[in-house]
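Visitor: Mind looking over this structure? Questions follow.
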Amino acid sequence: MDLLVPGPTDLDEAALAAHYAYPDGLAAPYVRVNFVASADGAVTVDGRSRGLGGPADRRVFGRLRRLAEVVLVGAGTVRAEDYRGARRPTVGRDLPPPIAVVTGSADLDPGARLFTDTAVPPIVLTLASAPAERRERLAAAGADVVVLDRLTPDALLGELGARGLHRVLCEGGPGLFGELLAADAVDELCLTVSPLLAGGDAGRIARGPAGTPARPLSLVGVAHEDGTLLLRYLRDAHIG
């Protein structure tokens with residue numbers, strides 16, 4: 001893998017970790033969003049993102065998880081991708097980052113790998129309007145079920161921040177990404193462009209309310225490997 005921006009560099013594991021390091025001294029959640037898309041903009045193949053990723057994307061995906069303190073993801077993505085817990089410890093900690101799932105309905109299968117194949121309990125961020133029996137089943141399966149007044153970005157990030165989880169990695173889906181964008185709560189985007197033409201009716205990486213203003217980004221990293229581009233963008237003014 002060669003780093004083109006900021007300059008030609010062979011990205012070994014140490015260089016990869018340095019390139020994707022979070023800012024030091026965070027006092028509030030810093031939201032990094034990670035997505036993979038085809039060259040023609042598709043976010044999935046046959047309904048799943050796994051058909052787009054290759055070795056380079058998987059390498060960066062694993063590194064981003066190791067740097068994160070929490071992985072934030074929507075319930076639709078958890079179900080579609082059959083999520084399990086993160087495998088490797090967060091840098092500086094003994095355990096992997098928890099998966100924090102956003103679901104207003106608490107409609108998750110307590111027998112899914114998210115609950116049965118994990119080293120740390122998932123955090124389920126839900127509402128009081130979710131059926132109590134669903135919330136109880138998820139808690140019995142080992143989840144840390146958190147009932148919030150609303151599932152808006154400020155409430156979600158406020159909960160994570162109160163837990164000291166400042167290095168946030170959002171892995172989608174498009175709806176959650178769109179809500180974060182509308183709230184101006186995205187600090188960074190890591191986008192893998194896969195050398196595929198997917199066609200079909202797949203959506204884009206963000207889907208949110210109409211009228212969300214476009215926000216400028218700075219391109220701070222371009223790496224490539226076997227035709228795959230790995231792009232890193234920062235917002236022009238960071239949150240917090």
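Every chain in the structure tokens takes a letter, A first, then B, and so on in the order presented; its residues are numbered from 1, and the ligands are numbered from 1 following the presented order.
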Would you list the contacts of region 29-44 of chain A as an mmCIF file with N, CA, C and O atoms, in the first residue's frame, taking every protein, DNA or RNA residue within 6 Å and counting only C-alpha atoms, but skipping same-chain residues closer than 2 positions in sequence?

Guide:
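Wrote it out as selection-v7.cif, contents follow:
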```cif
data_model
loop_
_atom_site.group_PDB
_atom_site.id
_atom_site.type_symbol
_atom_site.label_atom_id
_atom_site.label_comp_id
_atom_site.auth_asym_id
_atom_site.auth_seq_id
_atom_site.Cartn_x
_atom_site.Cartn_y
_atom_site.Cartn_z
ATOM 1 N N GLY A 47 -27.178 -6.124 -1.325
ATOM 2 C CA GLY A 47 -27.675 -5.716 -0.023
ATOM 3 C C GLY A 47 -26.650 -5.668 1.086
ATOM 4 O O GLY A 47 -26.992 -5.325 2.215
ATOM 5 N N ARG A 48 -25.383 -5.972 0.792
ATOM 6 C CA ARG A 48 -24.361 -5.989 1.843
ATOM 7 C C ARG A 48 -23.107 -5.277 1.345
ATOM 8 O O ARG A 48 -22.776 -5.321 0.157
ATOM 9 N N SER A 49 -22.402 -4.653 2.280
ATOM 10 C CA SER A 49 -21.180 -3.937 1.914
ATOM 11 C C SER A 49 -19.991 -4.872 1.730
ATOM 12 O O SER A 49 -18.993 -4.491 1.116
ATOM 13 N N GLY A 161 -20.143 10.264 25.294
ATOM 14 C CA GLY A 161 -19.206 11.153 25.967
ATOM 15 C C GLY A 161 -19.248 10.999 27.475
ATOM 16 O O GLY A 161 -18.207 11.052 28.145
ATOM 17 N N HIS A 166 -14.682 8.797 23.611
ATOM 18 C CA HIS A 166 -14.520 9.975 22.764
ATOM 19 C C HIS A 166 -14.064 9.634 21.349
ATOM 20 O O HIS A 166 -14.322 10.406 20.424
ATOM 21 N N ARG A 167 -13.384 8.534 21.184
ATOM 22 C CA ARG A 167 -12.919 8.144 19.846
ATOM 23 C C ARG A 167 -14.003 7.271 19.221
ATOM 24 O O ARG A 167 -14.036 6.057 19.374
ATOM 25 N N VAL A 168 -14.919 7.918 18.487
ATOM 26 C CA VAL A 168 -16.105 7.264 17.937
ATOM 27 C C VAL A 168 -15.847 6.882 16.484
ATOM 28 O O VAL A 168 -15.391 7.705 15.685
ATOM 29 N N LEU A 169 -16.143 5.639 16.148
ATOM 30 C CA LEU A 169 -16.075 5.159 14.776
ATOM 31 C C LEU A 169 -17.480 4.771 14.350
ATOM 32 O O LEU A 169 -18.051 3.803 14.852
ATOM 33 N N CYS A 170 -18.069 5.521 13.431
ATOM 34 C CA CYS A 170 -19.397 5.192 12.909
ATOM 35 C C CYS A 170 -19.237 4.386 11.633
ATOM 36 O O CYS A 170 -18.584 4.831 10.685
ATOM 37 N N GLU A 171 -19.854 3.211 11.588
ATOM 38 C CA GLU A 171 -19.787 2.330 10.420
ATOM 39 C C GLU A 171 -21.109 2.289 9.650
ATOM 40 O O GLU A 171 -21.347 1.376 8.871
ATOM 41 N N VAL A 186 -20.166 15.302 12.126
ATOM 42 C CA VAL A 186 -19.149 14.430 11.536
ATOM 43 C C VAL A 186 -17.828 15.188 11.447
ATOM 44 O O VAL A 186 -17.746 16.248 10.825
ATOM 45 N N ASP A 187 -16.815 14.649 12.088
ATOM 46 C CA ASP A 187 -15.485 15.260 12.062
ATOM 47 C C ASP A 187 -14.628 14.755 10.911
ATOM 48 O O ASP A 187 -13.761 15.477 10.425
ATOM 49 N N GLU A 188 -14.859 13.506 10.509
ATOM 50 C CA GLU A 188 -13.927 12.875 9.569
ATOM 51 C C GLU A 188 -14.653 11.788 8.779
ATOM 52 O O GLU A 188 -15.521 11.096 9.310
ATOM 53 N N LEU A 189 -14.275 11.651 7.518
ATOM 54 C CA LEU A 189 -14.788 10.568 6.678
ATOM 55 C C LEU A 189 -13.621 9.782 6.108
ATOM 56 O O LEU A 189 -12.724 10.355 5.480
ATOM 57 N N CYS A 190 -13.640 8.480 6.315
ATOM 58 C CA CYS A 190 -12.711 7.558 5.666
ATOM 59 C C CYS A 190 -13.523 6.782 4.627
ATOM 60 O O CYS A 190 -14.466 6.074 4.980
ATOM 61 N N LEU A 191 -13.169 6.945 3.376
ATOM 62 C CA LEU A 191 -13.947 6.361 2.284
ATOM 63 C C LEU A 191 -13.047 5.489 1.423
ATOM 64 O O LEU A 191 -12.059 5.966 0.864
ATOM 65 N N THR A 192 -13.406 4.229 1.322
ATOM 66 C CA THR A 192 -12.734 3.314 0.408
ATOM 67 C C THR A 192 -13.516 3.261 -0.895
ATOM 68 O O THR A 192 -14.726 3.028 -0.884
ATOM 69 N N VAL A 193 -12.828 3.491 -2.011
ATOM 70 C CA VAL A 193 -13.438 3.385 -3.332
ATOM 71 C C VAL A 193 -12.966 2.086 -3.966
ATOM 72 O O VAL A 193 -11.781 1.933 -4.288
ATOM 73 N N SER A 194 -13.898 1.152 -4.086
ATOM 74 C CA SER A 194 -13.573 -0.167 -4.614
ATOM 75 C C SER A 194 -13.575 -0.145 -6.138
ATOM 76 O O SER A 194 -14.453 0.479 -6.745
ATOM 77 N N PRO A 195 -12.639 -0.835 -6.794
ATOM 78 C CA PRO A 195 -12.575 -0.826 -8.253
ATOM 79 C C PRO A 195 -13.613 -1.760 -8.884
ATOM 80 O O PRO A 195 -13.293 -2.739 -9.561
ATOM 81 N N LEU A 196 -14.880 -1.432 -8.623
ATOM 82 C CA LEU A 196 -15.999 -2.226 -9.141
ATOM 83 C C LEU A 196 -17.071 -1.298 -9.678
ATOM 84 O O LEU A 196 -17.268 -0.188 -9.164
ATOM 85 N N LEU A 197 -17.794 -1.751 -10.686
ATOM 86 C CA LEU A 197 -19.017 -1.116 -11.132
ATOM 87 C C LEU A 197 -20.169 -2.011 -10.699
ATOM 88 O O LEU A 197 -20.319 -3.131 -11.173
ATOM 89 N N ALA A 202 -28.594 0.026 -5.560
ATOM 90 C CA ALA A 202 -27.984 0.300 -4.263
ATOM 91 C C ALA A 202 -27.989 1.794 -3.973
ATOM 92 O O ALA A 202 -27.874 2.631 -4.876
ATOM 93 N N GLY A 203 -28.112 2.147 -2.693
ATOM 94 C CA GLY A 203 -28.127 3.542 -2.284
ATOM 95 C C GLY A 203 -26.732 4.120 -2.153
ATOM 96 O O GLY A 203 -25.727 3.468 -2.437
ATOM 97 N N ARG A 204 -26.678 5.349 -1.679
ATOM 98 C CA ARG A 204 -25.422 6.060 -1.463
ATOM 99 C C ARG A 204 -25.025 5.934 0.001
ATOM 100 O O ARG A 204 -25.776 5.374 0.809
ATOM 101 N N ILE A 205 -23.857 6.475 0.358
ATOM 102 C CA ILE A 205 -23.351 6.248 1.711
ATOM 103 C C ILE A 205 -24.084 7.068 2.766
ATOM 104 O O ILE A 205 -24.041 6.721 3.946
#
```

Visitor: So which residues touch region 207-211 of chain A within 7 Å, counting only C-alpha atoms, skipping near sequence neighbours fewer than 5 positions away, as a list in words?

Guide: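 In the requested form, the answer reads Pro174, Gly175, Gly178, Glu179 and Ala182 of chain A.
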
Visitor: Output as number ranges by chain all residues of region 7-225 of chain A that backbone DSSP marks as strand (DSSP E).

Guide: A: 9-10, 30-38, 70-74, 99-102, 123-127, 144-148, 167-170, 188-194, 217-225

Visitor: Could you write those residues out with C-alpha atoms, as a tab-separated table (two decimals), in the first residue's frame?

Guide:
```tsv
chain	number	residue	atom	x	y	z
A	9	THR	CA	5.08	6.42	2.02
A	10	ASP	CA	5.02	2.65	2.41
A	30	TYR	CA	-14.88	12.92	17.81
A	31	VAL	CA	-16.86	11.19	15.07
A	32	ARG	CA	-15.02	9.33	12.33
A	33	VAL	CA	-17.26	7.73	9.70
A	34	ASN	CA	-15.97	4.79	7.65
A	35	PHE	CA	-17.61	3.56	4.44
A	36	VAL	CA	-16.78	1.57	1.33
A	37	ALA	CA	-18.40	2.30	-2.03
A	38	SER	CA	-18.02	1.07	-5.59
A	70	VAL	CA	-16.60	2.68	20.51
A	71	VAL	CA	-18.15	1.56	17.20
A	72	LEU	CA	-21.45	3.33	16.52
A	73	VAL	CA	-23.81	1.66	14.05
A	74	GLY	CA	-27.48	1.58	13.09
A	99	ILE	CA	-20.51	-1.98	19.44
A	100	ALA	CA	-23.11	0.73	20.17
A	101	VAL	CA	-26.31	0.04	18.22
A	102	VAL	CA	-28.93	2.72	17.55
A	123	ILE	CA	-24.50	-1.05	23.99
A	124	VAL	CA	-28.08	-0.80	22.74
A	125	LEU	CA	-29.24	2.82	22.49
A	126	THR	CA	-33.04	2.82	22.33
A	127	LEU	CA	-36.23	4.59	23.42
A	144	ASP	CA	-26.09	-2.81	28.07
A	145	VAL	CA	-29.51	-1.39	27.20
A	146	VAL	CA	-29.71	2.40	27.45
A	147	VAL	CA	-33.08	4.15	27.19
A	148	LEU	CA	-32.74	7.71	25.91
A	167	ARG	CA	-12.92	8.14	19.85
A	168	VAL	CA	-16.10	7.26	17.94
A	169	LEU	CA	-16.08	5.16	14.78
A	170	CYS	CA	-19.40	5.19	12.91
A	188	GLU	CA	-13.93	12.87	9.57
A	189	LEU	CA	-14.79	10.57	6.68
A	190	CYS	CA	-12.71	7.56	5.67
A	191	LEU	CA	-13.95	6.36	2.28
A	192	THR	CA	-12.73	3.31	0.41
A	193	VAL	CA	-13.44	3.39	-3.33
A	194	SER	CA	-13.57	-0.17	-4.61
A	217	LEU	CA	-13.87	18.80	3.65
A	218	SER	CA	-10.10	18.75	3.38
A	219	LEU	CA	-8.47	15.77	1.71
A	220	VAL	CA	-5.66	14.71	4.05
A	221	GLY	CA	-4.93	11.17	2.88
A	222	VAL	CA	-4.95	9.16	-0.34
A	223	ALA	CA	-3.61	5.63	-0.32
A	224	HIS	CA	-3.95	2.94	-2.95
A	225	GLU	CA	-3.47	-0.79	-3.22
```

Visitor: CA of Leu16 (chain A) and CA of Val60 (chain A) are how many Å apart?

Guide: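 Computing it gives 7.9 Å between the two atoms.
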
Visitor: For Arg63 (chain A), which residue among A:Ala17, A:Ala80, A:Leu26, A:Ala112 is the nearest when counting only C-alpha atoms?

Guide: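 Of all the options, A:Ala17 lies closest to Arg63 (chain A).
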
Visitor: Using CA of Gly51 (chain A) and CA of Gly200 (chain A) as the two end points, give the distance in Å to one decimal.

Guide: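 Between CA of Gly51 (chain A) and CA of Gly200 (chain A) the gap works out to 13.4 Å.
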
Visitor: What lies within 10 Å of Pro89 (chain A) using only C-alpha atoms, ignoring chain neighbours under 3 positions off, as a list in words?

Guide: Arg65, Arg66, Leu67, Ala68, Glu69, Ala86, Gly92, Arg93, Asp94, Leu95, Pro96, Pro97 and Ala119 of chain A

Visitor: Just the number, please: distance in Å from CA of Leu52 (chain A) to CA of Arg232 (chain A), one decimal.

Guide: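 According to the coordinates, CA of Leu52 (chain A) and CA of Arg232 (chain A) are separated by 17.7 Å.
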
Visitor: Taking only C-alpha atoms into account, which of A:Ala106, A:Leu160, A:Val45, A:Leu229 comes nearest Ala132 (chain A)?

Guide: A:Ala106

Visitor: Which residues are near Arg79 (chain A)? Cut-off 10 Å, only C-alpha atoms, ignore same chain within fewer than 2 positions. Put them as a list in words.

Guide: Gly74, Ala75, Gly76, Thr77, Glu81, Asp82, Tyr83, Asp107, Leu108, Asp109, Ala112, Arg113 and Leu114 of chain A

Visitor: Take the residues that were just selected and, keeping all heavy atoms, output them as a compact mmCIF listing (two decimals), in the first residue's frame.

Guide:
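Printed below is again02.txt as written:
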```txt
# COMPACT_ATOMS: atom_id res chain seq x y z
N GLY A 74 -26.03 1.71 13.08
CA GLY A 74 -27.48 1.58 13.09
C GLY A 74 -27.91 0.13 13.08
O GLY A 74 -27.20 -0.75 12.58
N ALA A 75 -29.11 -0.12 13.58
CA ALA A 75 -29.59 -1.49 13.70
C ALA A 75 -29.76 -2.16 12.35
O ALA A 75 -29.54 -3.37 12.21
CB ALA A 75 -30.92 -1.51 14.47
N GLY A 76 -30.16 -1.41 11.32
CA GLY A 76 -30.33 -2.01 10.00
C GLY A 76 -29.02 -2.58 9.47
O GLY A 76 -29.00 -3.67 8.87
N THR A 77 -27.94 -1.87 9.70
CA THR A 77 -26.62 -2.36 9.27
C THR A 77 -26.22 -3.58 10.08
O THR A 77 -25.66 -4.54 9.54
CB THR A 77 -25.58 -1.24 9.41
OG1 THR A 77 -25.94 -0.16 8.54
CG2 THR A 77 -24.19 -1.72 9.05
N GLU A 81 -25.53 -6.97 7.97
CA GLU A 81 -24.15 -7.44 7.92
C GLU A 81 -23.86 -8.53 8.95
O GLU A 81 -22.73 -9.01 9.04
CB GLU A 81 -23.19 -6.26 8.13
CG GLU A 81 -23.38 -5.10 7.16
CD GLU A 81 -22.89 -5.41 5.76
OE1 GLU A 81 -22.17 -6.42 5.60
OE2 GLU A 81 -23.23 -4.65 4.84
N ASP A 82 -24.87 -8.91 9.74
CA ASP A 82 -24.70 -9.95 10.77
C ASP A 82 -23.51 -9.62 11.66
O ASP A 82 -22.56 -10.40 11.79
CB ASP A 82 -24.54 -11.33 10.13
CG ASP A 82 -24.62 -12.46 11.15
OD1 ASP A 82 -25.16 -12.23 12.25
OD2 ASP A 82 -24.13 -13.57 10.85
N TYR A 83 -23.58 -8.47 12.29
CA TYR A 83 -22.47 -7.99 13.11
C TYR A 83 -22.15 -8.94 14.26
O TYR A 83 -23.05 -9.54 14.85
CB TYR A 83 -22.82 -6.63 13.70
CG TYR A 83 -22.20 -5.46 12.98
CD1 TYR A 83 -22.39 -5.30 11.60
CD2 TYR A 83 -21.46 -4.50 13.65
CE1 TYR A 83 -21.84 -4.21 10.94
CE2 TYR A 83 -20.91 -3.41 12.99
CZ TYR A 83 -21.11 -3.28 11.63
OH TYR A 83 -20.56 -2.21 10.97
N ASP A 107 -35.46 -3.78 17.97
CA ASP A 107 -35.77 -4.98 17.18
C ASP A 107 -34.46 -5.64 16.75
O ASP A 107 -34.01 -5.52 15.61
CB ASP A 107 -36.61 -4.60 15.96
CG ASP A 107 -37.04 -5.82 15.17
OD1 ASP A 107 -36.90 -6.95 15.68
OD2 ASP A 107 -37.51 -5.65 14.02
N LEU A 108 -33.85 -6.34 17.68
CA LEU A 108 -32.61 -7.08 17.45
C LEU A 108 -32.80 -8.50 17.96
O LEU A 108 -33.51 -8.72 18.94
CB LEU A 108 -31.43 -6.42 18.17
CG LEU A 108 -31.04 -5.01 17.72
CD1 LEU A 108 -30.06 -4.39 18.71
CD2 LEU A 108 -30.44 -5.04 16.32
N ASP A 109 -32.14 -9.44 17.30
CA ASP A 109 -32.24 -10.85 17.69
C ASP A 109 -31.25 -11.12 18.82
O ASP A 109 -30.04 -11.02 18.62
CB ASP A 109 -31.91 -11.72 16.48
CG ASP A 109 -31.96 -13.21 16.81
OD1 ASP A 109 -32.32 -13.58 17.95
OD2 ASP A 109 -31.61 -14.00 15.90
N ALA A 112 -28.35 -13.35 17.98
CA ALA A 112 -27.42 -12.96 16.91
C ALA A 112 -25.99 -12.90 17.43
O ALA A 112 -25.73 -12.82 18.63
CB ALA A 112 -27.84 -11.61 16.33
N ARG A 113 -25.06 -12.90 16.47
CA ARG A 113 -23.64 -12.90 16.84
C ARG A 113 -23.23 -11.64 17.61
O ARG A 113 -22.25 -11.67 18.36
CB ARG A 113 -22.77 -13.01 15.58
CG ARG A 113 -22.91 -14.33 14.85
CD ARG A 113 -21.74 -14.57 13.92
NE ARG A 113 -21.57 -13.49 12.95
CZ ARG A 113 -20.48 -13.32 12.21
NH1 ARG A 113 -19.45 -14.13 12.35
NH2 ARG A 113 -20.42 -12.34 11.33
N LEU A 114 -23.97 -10.55 17.44
CA LEU A 114 -23.68 -9.34 18.20
C LEU A 114 -23.66 -9.61 19.69
O LEU A 114 -22.89 -9.00 20.44
CB LEU A 114 -24.75 -8.28 17.88
CG LEU A 114 -24.62 -6.95 18.60
CD1 LEU A 114 -23.42 -6.16 18.09
CD2 LEU A 114 -25.90 -6.13 18.44
```

Visitor: Which of these, A:Asp154, A:Asp2, A:Glu136, A:Glu159, has the shortest distance to Leu181 (chain A) once you count only C-alpha atoms?

Guide: A:Asp154

Visitor: Find the residue from A:Pro98, A:Pro6, A:Pro121, A:Ala206 that sits nearest to Gly173 (chain A); use only C-alpha atoms when measuring.

Guide: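 Of A:Pro98, A:Pro6, A:Pro121, A:Ala206, the one nearest Gly173 (chain A), counting only C-alpha atoms, is A:Ala206.
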
Visitor: Please identify which residues in region 59-228 of chain A DSSP calls helix (DSSP H, G or I) from the backbone, and express them as a PyMOL selection string.

Guide: chain A and resi 59-67+75-81+113-116+132-140+153-162+174-182
